[in-house]
file coords-v2.csv (CSV, C-alpha atoms and all ligand atoms)
chain,number,residue,atom,x,y,z
Z,1,MET,CA,13.7,68.2,-14.3
Z,2,ASN,CA,14.2,64.6,-13.2
Z,3,CYS,CA,11.0,62.8,-12.4
Z,4,LYS,CA,11.3,60.1,-9.7
Z,5,ILE,CA,9.5,56.9,-10.8
Z,6,PRO,CA,8.6,54.3,-8.2
Z,7,SER,CA,10.7,51.1,-8.6
Z,8,TRP,CA,7.8,48.9,-9.4
Z,9,ILE,CA,7.0,51.0,-12.5
Z,10,THR,CA,10.5,50.6,-13.8
Z,11,THR,CA,10.1,46.8,-13.7
Z,12,PHE,CA,6.9,46.9,-15.6
Z,13,LYS,CA,6.9,44.9,-18.8
Z,14,THR,CA,7.4,47.3,-21.7
Z,15,THR,CA,4.5,46.1,-23.8
Z,16,ALA,CA,2.6,48.9,-25.6
Z,17,ARG,CA,-0.4,48.2,-23.4
Z,18,SER,CA,1.5,48.3,-20.1
Z,19,ALA,CA,3.3,51.5,-21.2
Z,20,MET,CA,-0.1,53.1,-21.9
Z,21,CYS,CA,-1.4,52.1,-18.5
Z,22,VAL,CA,1.7,53.6,-16.8
Z,23,SER,CA,1.2,56.8,-18.7
Z,24,LEU,CA,-2.4,57.1,-17.7
Z,25,LEU,CA,-1.5,56.4,-14.1
Z,26,LEU,CA,1.2,59.1,-14.0
Z,27,LEU,CA,-1.1,61.6,-15.6
Z,28,GLN,CA,-3.8,61.0,-13.0
Z,29,PRO,CA,-4.0,63.0,-9.8
Z,30,ASP,CA,-3.9,60.7,-6.7
Z,31,VAL,CA,-7.6,59.9,-7.1
Z,32,SER,CA,-7.6,57.1,-4.5
Z,33,HIS,CA,-6.2,59.4,-1.9
Z,34,ALA,CA,-8.5,62.3,-2.7
Z,35,GLU,CA,-11.6,60.1,-2.6
Z,36,ALA,CA,-10.5,58.5,0.7
Z,37,VAL,CA,-10.8,61.9,2.3
Z,38,VAL,CA,-14.4,62.6,1.2
Z,39,LYS,CA,-15.9,59.2,0.6
Z,40,GLU,CA,-16.5,56.3,2.9
Z,41,ARG,CA,-14.9,53.1,1.6
Z,42,LYS,CA,-17.1,50.0,1.5
Z,43,VAL,CA,-16.8,46.6,0.0
Z,44,LEU,CA,-19.2,43.8,-1.2
Z,45,VAL,CA,-17.7,40.4,-1.9
Z,46,ILE,CA,-20.0,38.2,-3.9
Z,47,GLY,CA,-19.2,34.5,-4.0
Z,48,ILE,CA,-20.9,32.4,-6.6
Z,49,ASP,CA,-20.4,28.7,-5.7
Z,50,GLY,CA,-19.0,26.5,-8.5
Z,51,CYS,CA,-19.2,29.0,-11.3
Z,52,ARG,CA,-17.0,28.3,-14.4
Z,53,PRO,CA,-15.8,31.4,-16.2
Z,54,ASP,CA,-16.6,29.9,-19.7
Z,55,ALA,CA,-20.2,29.4,-18.6
Z,56,LEU,CA,-20.4,32.9,-17.0
Z,57,ARG,CA,-19.3,34.4,-20.3
Z,58,LYS,CA,-21.8,32.3,-22.3
Z,59,ALA,CA,-24.8,33.0,-20.0
Z,60,THR,CA,-26.9,36.1,-20.4
Z,61,ALA,CA,-25.7,37.8,-17.3
Z,62,PRO,CA,-25.8,41.6,-17.9
Z,63,GLU,CA,-25.2,42.6,-14.3
Z,64,LEU,CA,-22.0,40.6,-13.9
Z,65,ALA,CA,-20.9,41.5,-17.4
Z,66,GLY,CA,-21.6,45.2,-16.5
Z,67,LEU,CA,-19.4,45.0,-13.4
Z,68,ALA,CA,-16.6,43.5,-15.4
Z,69,GLU,CA,-17.0,46.1,-18.1
Z,70,LYS,CA,-16.8,48.9,-15.6
Z,71,GLY,CA,-13.9,47.3,-13.7
Z,72,ALA,CA,-11.1,44.8,-13.8
Z,73,PHE,CA,-11.5,41.2,-14.6
Z,74,SER,CA,-9.7,37.8,-15.1
Z,75,TYR,CA,-11.3,34.7,-16.5
Z,76,THR,CA,-8.2,32.6,-15.8
Z,77,THR,CA,-8.1,33.0,-12.0
Z,78,GLN,CA,-7.0,29.8,-10.2
Z,79,ASN,CA,-8.5,28.5,-6.9
Z,80,LEU,CA,-5.4,26.8,-5.6
Z,81,PRO,CA,-1.8,26.5,-6.6
Z,82,LEU,CA,-0.5,23.4,-8.3
Z,83,ARG,CA,2.0,22.8,-5.5
Z,84,LEU,CA,-1.1,21.8,-3.4
Z,85,VAL,CA,-1.8,18.9,-5.7
Z,86,ASP,CA,-3.4,16.8,-3.0
Z,87,VAL,CA,-5.8,19.4,-1.6
Z,88,GLU,CA,-9.3,18.7,-2.6
Z,89,THR,CA,-10.9,21.3,-4.8
Z,90,SER,CA,-14.0,21.4,-2.6
Z,91,SER,CA,-15.9,24.3,-1.2
Z,92,GLY,CA,-14.2,24.5,2.2
Z,93,PRO,CA,-10.6,25.1,1.0
Z,94,GLY,CA,-11.9,27.4,-1.6
Z,95,TRP,CA,-14.0,29.8,0.5
Z,96,ALA,CA,-11.5,29.6,3.4
Z,97,SER,CA,-8.6,30.7,1.1
Z,98,MET,CA,-10.7,33.4,-0.6
Z,99,LEU,CA,-11.9,34.9,2.7
Z,100,CYS,CA,-8.6,34.9,4.6
Z,101,GLY,CA,-6.1,35.6,1.7
Z,102,ALA,CA,-3.9,32.6,2.2
Z,103,PHE,CA,-3.7,29.0,0.8
Z,104,PRO,CA,-4.8,25.9,2.8
Z,105,ASP,CA,-1.3,24.9,3.8
Z,106,LYS,CA,-1.2,28.1,5.9
Z,107,HIS,CA,-4.8,28.4,7.2
Z,108,GLY,CA,-5.3,24.7,7.8
Z,109,TRP,CA,-8.7,24.2,6.2
Z,110,LEU,CA,-7.7,21.3,4.0
Z,111,ASP,CA,-10.9,19.6,3.1
Z,112,ASP,CA,-14.6,19.5,3.9
Z,113,VAL,CA,-14.5,16.4,6.2
Z,114,ARG,CA,-11.6,16.4,8.6
Z,115,ARG,CA,-10.6,20.0,9.2
Z,116,ARG,CA,-13.6,22.4,9.2
Z,117,ARG,CA,-11.7,25.1,11.0
Z,118,PHE,CA,-8.8,27.5,10.7
Z,119,ASN,CA,-5.6,26.8,12.6
Z,120,GLY,CA,-5.6,30.4,13.9
Z,121,ASN,CA,-2.8,31.7,11.7
Z,122,ASN,CA,-4.9,33.4,9.0
Z,123,PRO,CA,-8.3,34.8,10.1
Z,124,HIS,CA,-11.2,35.9,7.9
Z,125,PHE,CA,-10.6,39.4,6.4
Z,126,PHE,CA,-13.4,40.7,8.6
Z,127,ALA,CA,-11.0,40.2,11.6
Z,128,ARG,CA,-8.3,42.2,9.9
Z,129,LEU,CA,-10.8,45.0,9.2
Z,130,LYS,CA,-12.1,45.1,12.8
Z,131,ALA,CA,-8.5,45.1,14.1
Z,132,HIS,CA,-7.9,48.1,11.8
Z,133,ASN,CA,-11.0,49.9,12.9
Z,134,GLU,CA,-13.3,48.3,15.4
Z,135,LYS,CA,-16.2,50.5,14.4
Z,136,LEU,CA,-16.5,49.0,10.9
Z,137,LYS,CA,-19.6,46.9,10.5
Z,138,THR,CA,-19.4,43.5,8.8
Z,139,ALA,CA,-21.9,41.0,7.5
Z,140,SER,CA,-21.6,37.5,6.2
Z,141,ILE,CA,-24.8,36.1,4.6
Z,142,ILE,CA,-24.5,32.6,3.1
Z,143,VAL,CA,-26.1,29.4,2.0
Z,144,TRP,CA,-23.3,26.8,2.6
Z,145,ARG,CA,-23.3,26.6,6.4
Z,146,PRO,CA,-19.6,25.7,7.1
Z,147,ILE,CA,-18.7,29.2,5.9
Z,148,MET,CA,-20.2,30.4,9.2
Z,149,ASN,CA,-17.3,28.7,11.0
Z,150,MET,CA,-14.8,30.7,9.0
Z,151,VAL,CA,-16.2,34.1,10.2
Z,152,THR,CA,-14.7,35.4,13.4
Z,153,ALA,CA,-15.6,39.1,13.5
Z,154,ALA,CA,-19.0,39.7,12.1
Z,155,ASP,CA,-21.9,41.8,13.2
Z,156,VAL,CA,-24.1,39.5,11.1
Z,157,ASN,CA,-23.1,35.9,10.5
Z,158,GLU,CA,-26.2,34.0,9.1
Z,159,SER,CA,-27.0,31.2,6.7
Z,160,PHE,CA,-30.1,30.6,4.7
Z,161,VAL,CA,-31.5,27.6,2.9
Z,162,ASP,CA,-31.4,29.1,-0.6
Z,163,ASP,CA,-30.2,32.1,-2.6
Z,164,LYS,CA,-33.5,33.9,-2.2
Z,165,GLY,CA,-33.0,33.9,1.6
Z,166,VAL,CA,-29.5,35.4,1.1
Z,167,GLU,CA,-30.8,38.1,-1.3
Z,168,ASP,CA,-33.7,39.1,1.0
Z,169,ARG,CA,-31.4,39.3,4.1
Z,170,ALA,CA,-28.7,41.2,2.2
Z,171,LEU,CA,-31.3,43.8,1.1
Z,172,ASP,CA,-32.5,44.0,4.7
Z,173,VAL,CA,-29.0,44.3,6.2
Z,174,LEU,CA,-28.1,47.1,3.7
Z,175,GLY,CA,-31.0,49.1,5.0
Z,176,THR,CA,-30.6,48.4,8.7
Z,177,LEU,CA,-27.0,47.7,9.6
Z,178,ASN,CA,-25.1,50.2,7.3
Z,179,PRO,CA,-22.4,47.6,6.7
Z,180,ASP,CA,-18.9,48.5,5.6
Z,181,ALA,CA,-18.0,45.1,4.4
Z,182,MET,CA,-20.4,42.4,3.3
Z,183,PHE,CA,-19.8,38.8,2.0
Z,184,ILE,CA,-22.7,37.0,0.3
Z,185,HIS,CA,-22.6,33.5,-0.9
Z,186,LEU,CA,-25.0,32.2,-3.6
Z,187,ASP,CA,-25.2,28.5,-4.1
Z,188,ALA,CA,-27.6,27.7,-7.0
Z,189,VAL,CA,-25.0,27.5,-9.7
Z,190,ASP,CA,-23.0,24.8,-7.9
Z,191,HIS,CA,-26.3,23.0,-7.2
Z,192,ALA,CA,-27.2,23.0,-10.9
Z,193,GLY,CA,-23.7,21.8,-11.8
Z,194,HIS,CA,-23.9,18.8,-9.5
Z,195,HIS,CA,-27.5,18.1,-10.8
Z,196,SER,CA,-26.9,18.2,-14.5
Z,197,GLY,CA,-23.3,19.1,-15.3
Z,198,PHE,CA,-20.8,21.9,-14.9
Z,199,SER,CA,-20.7,23.0,-18.6
Z,200,ALA,CA,-21.1,26.1,-20.7
Z,201,GLU,CA,-23.3,23.8,-22.9
Z,202,ASN,CA,-25.8,23.0,-20.1
Z,203,PRO,CA,-28.9,25.2,-20.2
Z,204,GLU,CA,-29.7,24.4,-16.6
Z,205,TYR,CA,-26.3,25.5,-15.4
Z,206,LEU,CA,-26.4,28.7,-17.6
Z,207,GLY,CA,-30.0,29.4,-16.3
Z,208,ALA,CA,-28.7,29.2,-12.7
Z,209,ILE,CA,-26.0,31.7,-13.5
Z,210,GLU,CA,-28.6,34.0,-15.0
Z,211,ALA,CA,-30.8,33.7,-11.9
Z,212,VAL,CA,-27.8,34.6,-9.7
Z,213,ASP,CA,-27.1,37.5,-12.0
Z,214,GLY,CA,-30.6,38.9,-11.3
Z,215,ARG,CA,-30.0,38.7,-7.5
Z,216,VAL,CA,-26.6,40.4,-7.9
Z,217,GLY,CA,-28.3,43.1,-9.9
Z,218,ARG,CA,-31.0,43.7,-7.3
Z,219,ILE,CA,-28.5,43.9,-4.5
Z,220,ILE,CA,-26.2,46.3,-6.3
Z,221,ALA,CA,-29.2,48.4,-7.3
Z,222,ALA,CA,-30.2,48.7,-3.7
Z,223,ILE,CA,-26.7,49.8,-2.8
Z,224,ARG,CA,-26.8,52.5,-5.5
Z,225,LYS,CA,-30.2,53.7,-4.1
Z,226,ARG,CA,-28.8,54.2,-0.6
Z,227,PRO,CA,-29.4,57.8,0.5
Z,228,THR,CA,-25.7,57.9,1.5
Z,229,PHE,CA,-24.4,56.4,-1.8
Z,230,VAL,CA,-22.9,59.6,-3.1
Z,231,LYS,CA,-20.7,59.8,0.0
Z,232,GLU,CA,-19.7,56.1,-0.4
Z,233,ASP,CA,-17.0,54.4,-2.4
Z,234,TRP,CA,-18.1,50.8,-3.0
Z,235,LEU,CA,-15.9,48.1,-4.4
Z,236,PHE,CA,-17.6,45.0,-5.8
Z,237,ILE,CA,-15.6,41.9,-5.9
Z,238,VAL,CA,-17.0,38.7,-7.5
Z,239,SER,CA,-15.4,35.3,-7.6
Z,240,SER,CA,-16.0,31.5,-7.1
Z,241,ASP,CA,-14.5,28.8,-4.9
Z,242,HIS,CA,-14.0,26.3,-7.7
Z,243,GLY,CA,-15.2,25.4,-11.2
Z,244,GLY,CA,-16.5,21.9,-12.1
Z,245,TRP,CA,-16.0,19.0,-14.5
Z,246,GLY,CA,-18.8,16.5,-15.4
Z,247,ASN,CA,-21.1,16.5,-12.4
Z,248,GLY,CA,-18.6,17.4,-9.7
Z,249,HIS,CA,-15.4,19.0,-8.5
Z,250,ASN,CA,-14.1,16.6,-5.9
Z,251,SER,CA,-11.9,13.5,-5.9
Z,252,HIS,CA,-9.7,14.4,-8.9
Z,253,ARG,CA,-6.8,15.9,-6.8
Z,254,ASN,CA,-6.0,19.5,-7.6
Z,255,VAL,CA,-5.1,19.1,-11.3
Z,256,VAL,CA,-8.2,19.4,-13.5
Z,257,PRO,CA,-8.2,22.8,-15.3
Z,258,ASP,CA,-11.9,23.1,-15.5
Z,259,ILE,CA,-12.2,22.7,-11.8
Z,260,ARG,CA,-9.3,24.9,-10.9
Z,261,ARG,CA,-10.2,27.8,-13.2
Z,262,VAL,CA,-12.6,30.4,-11.9
Z,263,PHE,CA,-12.8,34.2,-12.4
Z,264,LEU,CA,-12.3,37.5,-10.6
Z,265,ILE,CA,-14.2,40.7,-11.1
Z,266,VAL,CA,-13.1,43.9,-9.3
Z,267,SER,CA,-15.4,46.8,-10.0
Z,268,GLY,CA,-15.8,50.3,-8.6
Z,269,ASP,CA,-14.1,53.7,-8.7
Z,270,THR,CA,-10.9,52.4,-7.2
Z,271,ALA,CA,-10.7,49.5,-9.7
Z,272,MET,CA,-8.7,49.6,-12.9
Z,273,ARG,CA,-10.3,48.9,-16.2
Z,274,GLY,CA,-9.8,45.9,-18.4
Z,275,GLU,CA,-8.2,42.5,-18.1
Z,276,ILE,CA,-5.9,42.0,-15.2
Z,277,GLU,CA,-2.4,41.1,-16.4
Z,278,GLY,CA,-0.8,38.1,-14.8
Z,279,GLN,CA,-2.0,35.1,-12.7
Z,280,THR,CA,-4.7,35.8,-10.2
Z,281,TYR,CA,-5.9,33.5,-7.4
Z,282,ILE,CA,-9.0,33.5,-5.2
Z,283,ILE,CA,-6.8,34.5,-2.3
Z,284,ASP,CA,-6.4,37.9,-4.0
Z,285,VAL,CA,-10.1,38.7,-3.0
Z,286,ALA,CA,-9.3,39.2,0.7
Z,287,ALA,CA,-6.1,41.3,0.0
Z,288,THR,CA,-8.0,43.5,-2.5
Z,289,ALA,CA,-10.9,44.1,-0.2
Z,290,LEU,CA,-8.5,45.0,2.7
Z,291,VAL,CA,-6.5,47.4,0.6
Z,292,HIS,CA,-9.6,49.1,-0.7
Z,293,MET,CA,-10.7,49.6,2.9
Z,294,GLY,CA,-7.5,51.3,3.7
Z,295,VAL,CA,-5.8,48.5,5.6
Z,296,LYS,CA,-2.1,48.2,5.1
Z,297,LEU,CA,-1.1,44.6,4.5
Z,298,ASP,CA,1.4,43.6,7.1
Z,299,PRO,CA,4.2,41.3,5.8
Z,300,ALA,CA,4.0,39.5,9.2
Z,301,TRP,CA,0.6,38.2,8.3
Z,302,ASN,CA,2.3,36.1,5.6
Z,303,LEU,CA,-0.7,36.4,3.2
Z,304,ASP,CA,-0.5,34.7,-0.2
Z,305,GLY,CA,-3.0,37.2,-1.7
Z,306,ILE,CA,-2.1,40.5,-3.4
Z,307,PRO,CA,-4.3,43.4,-4.4
Z,308,ALA,CA,-5.5,42.7,-7.9
Z,309,GLY,CA,-7.3,45.0,-10.3
Z,310,LEU,CA,-6.9,48.2,-8.2
Z,311,LYS,CA,-5.7,51.5,-9.6
Z,312,GLY,CA,-2.3,52.5,-8.4
Z,313,PHE,CA,-1.0,48.9,-7.7
Z,314,PRO,CA,1.1,46.8,-9.9
Z,315,SER,CA,-0.6,44.0,-11.7
Z,316,PRO,CA,0.0,40.3,-10.7
Z,317,ALA,CA,2.2,40.1,-13.8
Z,318,VAL,CA,4.6,42.4,-12.0
Z,319,SER,CA,4.1,41.4,-8.3
Z,320,ARG,CA,3.7,37.7,-9.0
Z,321,PRO,CA,6.0,37.3,-12.0
Z,322,ASN,CA,7.0,33.6,-11.7
Z,323,GLU,CA,3.6,32.0,-11.7
Z,324,PRO,CA,2.7,29.8,-14.8
Z,325,ALA,CA,-0.2,31.2,-16.8
Z,326,ALA,CA,-3.4,29.2,-16.2
Z,327,THR,CA,-3.6,28.3,-19.9
Z,328,GLU,CA,-0.3,26.4,-19.5
Z,329,LEU,CA,-1.4,24.1,-16.7
Z,330,ILE,CA,-1.8,20.5,-17.4
Z,331,ARG,CA,-5.1,19.1,-18.6
Z,332,VAL,CA,-6.4,15.7,-17.5
Z,333,LYS,CA,-8.3,13.6,-20.0
Z,334,LYS,CA,-11.8,12.7,-18.9
J,1,ZN,ZN,-18.3,25.1,-3.7

call {"tool": "encode", "arguments": {"input": "coords-v2.csv", "output": "structure tokens"}}
result
Amino acid sequence: MNCKIPSWITTFKTTARSAMCVSLLLLQPDVSHAEAVVKERKVLVIGIDGCRPDALRKATAPELAGLAEKGAFSYTTQNLPLRLVDVETSSGPGWASMLCGAFPDKHGWLDDVRRRRFNGNNPHFFARLKAHNEKLKTASIIVWRPIMNMVTAADVNESFVDDKGVEDRALDVLGTLNPDAMFIHLDAVDHAGHHSGFSAENPEYLGAIEAVDGRVGRIIAAIRKRPTFVKEDWLFIVSSDHGGWGNGHNSHRNVVPDIRRVFLIVSGDTAMRGEIEGQTYIIDVAATALVHMGVKLDPAWNLDGIPAGLKGFPSPAVSRPNEPAATELIRVKK
């Protein structure tokens, strides 16, 4: 009997590892479909400002390591493409790109000084969610205030002076709002980097990552304790807006690898396991969140992001085959 194989599978690279993944995929029942019927999809996006992946891996961060271990991950994710060489690697273009799924040349948020607003072409993924189902509840709880201006469809859109305020409010919202999609932004890692250096050798920077790890752990523990948790299908996505170099991440143009390189963790029952093959970008966060929530990505939206790290979808190595690997990008001497 002939078995019809989807065209994207036939273009898969025939490495032993990929072949094994395909085999497993074909042997599985349509798990994502079956779960969609019985479980309510929910997503938590965690943004850790200015977190370098080498420092994340060196720090004692068991909660984040546990999410990566039980999900998909990349430690060579890029914040912006090299073609946008003159876009500042500052927080605004980073968060805006991550949350709307397109790069700054499309959404218009080019830097933190002149253009603190979207041009209207690519809204925050909350707006896509609400357009898909207006009953879905969304919450954005952040420290860095300009992110509030990126949010256009939130039931909660609040900022706090520090990470503790964000953690406390997130725990509160989980108990009172019953959110379907949440974004939380934690700022202490970036603060430590500016203060004493973005480096895997800096104890203060590593300590800030470890403190954030504790907050992430408490928030996820609260989700797992929800009385409705067994009927829910949560996806946890963690990433960062930029890395850092020396004591900063601005004014070098968009070419310094230690600033450009971040990470992506996608964890939950709908996530694949292991390292994501191919080049990921922070724009994949919005696309992945939307797809998990059952939203069909409309080509007319002209997104740059693609679903990454989800079961049943081709890896970026297949769907984004012509991107240079992050390790091949140029290095600027300090
Ligand atoms: Zn930042």

call {"tool": "closest_residue", "arguments": {"input": "coords-v2.csv", "among": "Z:Ile147, Z:Pro227, Z:Cys51, Z:Pro81", "to": "His191 of chain Z", "atoms": "all atoms listed in the file"}}
result
Z:Cys51

call {"tool": "residues_around", "arguments": {"input": "coords-v2.csv", "residues": "Ala59 of chain Z", "least_positions_apart": "5", "cutoff": "9 Å", "atoms": "all atoms listed in the file", "output": "list of chain:residue names"}}
result
Z:Asp54, Z:Ala200, Z:Pro203, Z:Tyr205, Z:Leu206, Z:Gly207, Z:Ile209, Z:Glu210

call {"tool": "atom_distance", "arguments": {"input": "coords-v2.csv", "atom1": "atom CA of Ala170 of chain Z", "atom2": "atom CA of Asp269 of chain Z"}}
result
22.1 Å

call {"tool": "residues_around", "arguments": {"input": "coords-v2.csv", "residues": "Ala55 of chain Z", "least_positions_apart": "2", "cutoff": "12 Å", "atoms": "all atoms listed in the file", "output": "PyMOL selection string"}}
result
chain Z and resi 50-53+57-61+75+189-190+193+197-210+243-245+258+261-263

call {"tool": "atom_distance", "arguments": {"input": "coords-v2.csv", "atom1": "atom CA of Thr76 of chain Z", "atom2": "atom CA of Ile237 of chain Z"}}
result
15.5 Å

call {"tool": "residues_near_ligand", "arguments": {"input": "coords-v2.csv", "ligand": "ligand ZN 1 (chain J)", "cutoff": "10 Å", "atoms": "only C-alpha atoms and all ligand atoms", "output": "ChimeraX atom specification"}}
result
/Z:47-51,89-95,144,185-187,189-191,240-244,248-250

call {"tool": "residues_around", "arguments": {"input": "coords-v2.csv", "residues": "segment 293-308 of chain Z", "least_positions_apart": "5", "cutoff": "7 Å", "atoms": "all atoms listed in the file", "output": "ChimeraX atom specification"}}
result
/Z:41-42,101-103,132,283-284,287-288,315-316

call {"tool": "residues_near_point", "arguments": {"input": "coords-v2.csv", "point": "(-16.3, 50.0, -1.1)", "cutoff": "8 Å", "atoms": "all atoms listed in the file", "output": "count of residues only"}}
result
15

call {"tool": "residues_near_point", "arguments": {"input": "coords-v2.csv", "point": "(-33.3, 42.1, -5.8)", "cutoff": "10 Å", "atoms": "all atoms listed in the file", "output": "number ranges by chain"}}
result
Z: 164, 167-168, 170-171, 213-222

call {"tool": "write_last_selection", "arguments": {"input": "coords-v2.csv", "atoms": "C-alpha atoms", "output": "mmCIF file, keeping the file's coordinate frame"}}
result
data_model
loop_
_atom_site.group_PDB
_atom_site.id
_atom_site.type_symbol
_atom_site.label_atom_id
_atom_site.label_comp_id
_atom_site.auth_asym_id
_atom_site.auth_seq_id
_atom_site.Cartn_x
_atom_site.Cartn_y
_atom_site.Cartn_z
ATOM 1 C CA LYS Z 164 -33.500 33.900 -2.200
ATOM 2 C CA GLU Z 167 -30.800 38.100 -1.300
ATOM 3 C CA ASP Z 168 -33.700 39.100 1.000
ATOM 4 C CA ALA Z 170 -28.700 41.200 2.200
ATOM 5 C CA LEU Z 171 -31.300 43.800 1.100
ATOM 6 C CA ASP Z 213 -27.100 37.500 -12.000
ATOM 7 C CA GLY Z 214 -30.600 38.900 -11.300
ATOM 8 C CA ARG Z 215 -30.000 38.700 -7.500
ATOM 9 C CA VAL Z 216 -26.600 40.400 -7.900
ATOM 10 C CA GLY Z 217 -28.300 43.100 -9.900
ATOM 11 C CA ARG Z 218 -31.000 43.700 -7.300
ATOM 12 C CA ILE Z 219 -28.500 43.900 -4.500
ATOM 13 C CA ILE Z 220 -26.200 46.300 -6.300
ATOM 14 C CA ALA Z 221 -29.200 48.400 -7.300
ATOM 15 C CA ALA Z 222 -30.200 48.700 -3.700
#

call {"tool": "closest_residue", "arguments": {"input": "coords-v2.csv", "among": "Z:Val143, Z:Ala325, Z:Val156, Z:Val255", "to": "Leu84 of chain Z", "atoms": "all atoms listed in the file"}}
result
Z:Val255

call {"tool": "atom_distance", "arguments": {"input": "coords-v2.csv", "atom1": "atom CA of Ser140 of chain Z", "atom2": "atom CA of Ser239 of chain Z"}}
result
15.3 Å

call {"tool": "closest_residue", "arguments": {"input": "coords-v2.csv", "among": "Z:Leu80, Z:Leu110, Z:Ala211, Z:Ile259", "to": "Met98 of chain Z", "atoms": "only C-alpha atoms"}}
result
Z:Leu80

call {"tool": "build_atoms", "arguments": {"input": "coords-v2.csv", "residues": "segment 177-190 of chain Z", "atoms": "N, CA and C atoms", "output": "PDB file, in the frame of the given file"}}
result
ATOM      1  N   LEU Z 177     -28.245  47.795   8.905  1.00  0.00           N
ATOM      2  CA  LEU Z 177     -27.000  47.700   9.600  1.00  0.00           C
ATOM      3  C   LEU Z 177     -25.968  48.791   9.158  1.00  0.00           C
ATOM      4  N   ASN Z 178     -26.142  49.310   7.942  1.00  0.00           N
ATOM      5  CA  ASN Z 178     -25.100  50.200   7.300  1.00  0.00           C
ATOM      6  C   ASN Z 178     -23.769  49.512   7.316  1.00  0.00           C
ATOM      7  N   PRO Z 179     -23.670  48.355   6.641  1.00  0.00           N
ATOM      8  CA  PRO Z 179     -22.400  47.600   6.700  1.00  0.00           C
ATOM      9  C   PRO Z 179     -21.297  48.283   5.907  1.00  0.00           C
ATOM     10  N   ASP Z 180     -20.074  48.066   6.375  1.00  0.00           N
ATOM     11  CA  ASP Z 180     -18.900  48.500   5.600  1.00  0.00           C
ATOM     12  C   ASP Z 180     -18.318  47.445   4.772  1.00  0.00           C
ATOM     13  N   ALA Z 181     -18.452  46.198   5.216  1.00  0.00           N
ATOM     14  CA  ALA Z 181     -18.000  45.100   4.400  1.00  0.00           C
ATOM     15  C   ALA Z 181     -19.007  43.948   4.503  1.00  0.00           C
ATOM     16  N   MET Z 182     -19.384  43.449   3.330  1.00  0.00           N
ATOM     17  CA  MET Z 182     -20.400  42.400   3.300  1.00  0.00           C
ATOM     18  C   MET Z 182     -19.805  41.229   2.424  1.00  0.00           C
ATOM     19  N   PHE Z 183     -20.096  40.005   2.833  1.00  0.00           N
ATOM     20  CA  PHE Z 183     -19.800  38.800   2.000  1.00  0.00           C
ATOM     21  C   PHE Z 183     -21.173  38.127   1.792  1.00  0.00           C
ATOM     22  N   ILE Z 184     -21.529  37.883   0.541  1.00  0.00           N
ATOM     23  CA  ILE Z 184     -22.700  37.000   0.300  1.00  0.00           C
ATOM     24  C   ILE Z 184     -22.289  35.842  -0.547  1.00  0.00           C
ATOM     25  N   HIS Z 185     -22.868  34.708  -0.210  1.00  0.00           N
ATOM     26  CA  HIS Z 185     -22.600  33.500  -0.900  1.00  0.00           C
ATOM     27  C   HIS Z 185     -23.868  32.959  -1.559  1.00  0.00           C
ATOM     28  N   LEU Z 186     -23.799  32.709  -2.875  1.00  0.00           N
ATOM     29  CA  LEU Z 186     -25.000  32.200  -3.600  1.00  0.00           C
ATOM     30  C   LEU Z 186     -24.648  30.835  -4.159  1.00  0.00           C
ATOM     31  N   ASP Z 187     -25.567  29.894  -3.954  1.00  0.00           N
ATOM     32  CA  ASP Z 187     -25.200  28.500  -4.100  1.00  0.00           C
ATOM     33  C   ASP Z 187     -25.860  27.781  -5.319  1.00  0.00           C
ATOM     34  N   ALA Z 188     -26.827  28.429  -5.976  1.00  0.00           N
ATOM     35  CA  ALA Z 188     -27.600  27.700  -7.000  1.00  0.00           C
ATOM     36  C   ALA Z 188     -26.835  27.238  -8.187  1.00  0.00           C
ATOM     37  N   VAL Z 189     -25.755  27.923  -8.517  1.00  0.00           N
ATOM     38  CA  VAL Z 189     -25.000  27.500  -9.700  1.00  0.00           C
ATOM     39  C   VAL Z 189     -24.272  26.186  -9.423  1.00  0.00           C
ATOM     40  N   ASP Z 190     -23.687  26.045  -8.252  1.00  0.00           N
ATOM     41  CA  ASP Z 190     -23.000  24.800  -7.900  1.00  0.00           C
ATOM     42  C   ASP Z 190     -24.086  23.646  -7.846  1.00  0.00           C
TER      43      ASP Z 190
END
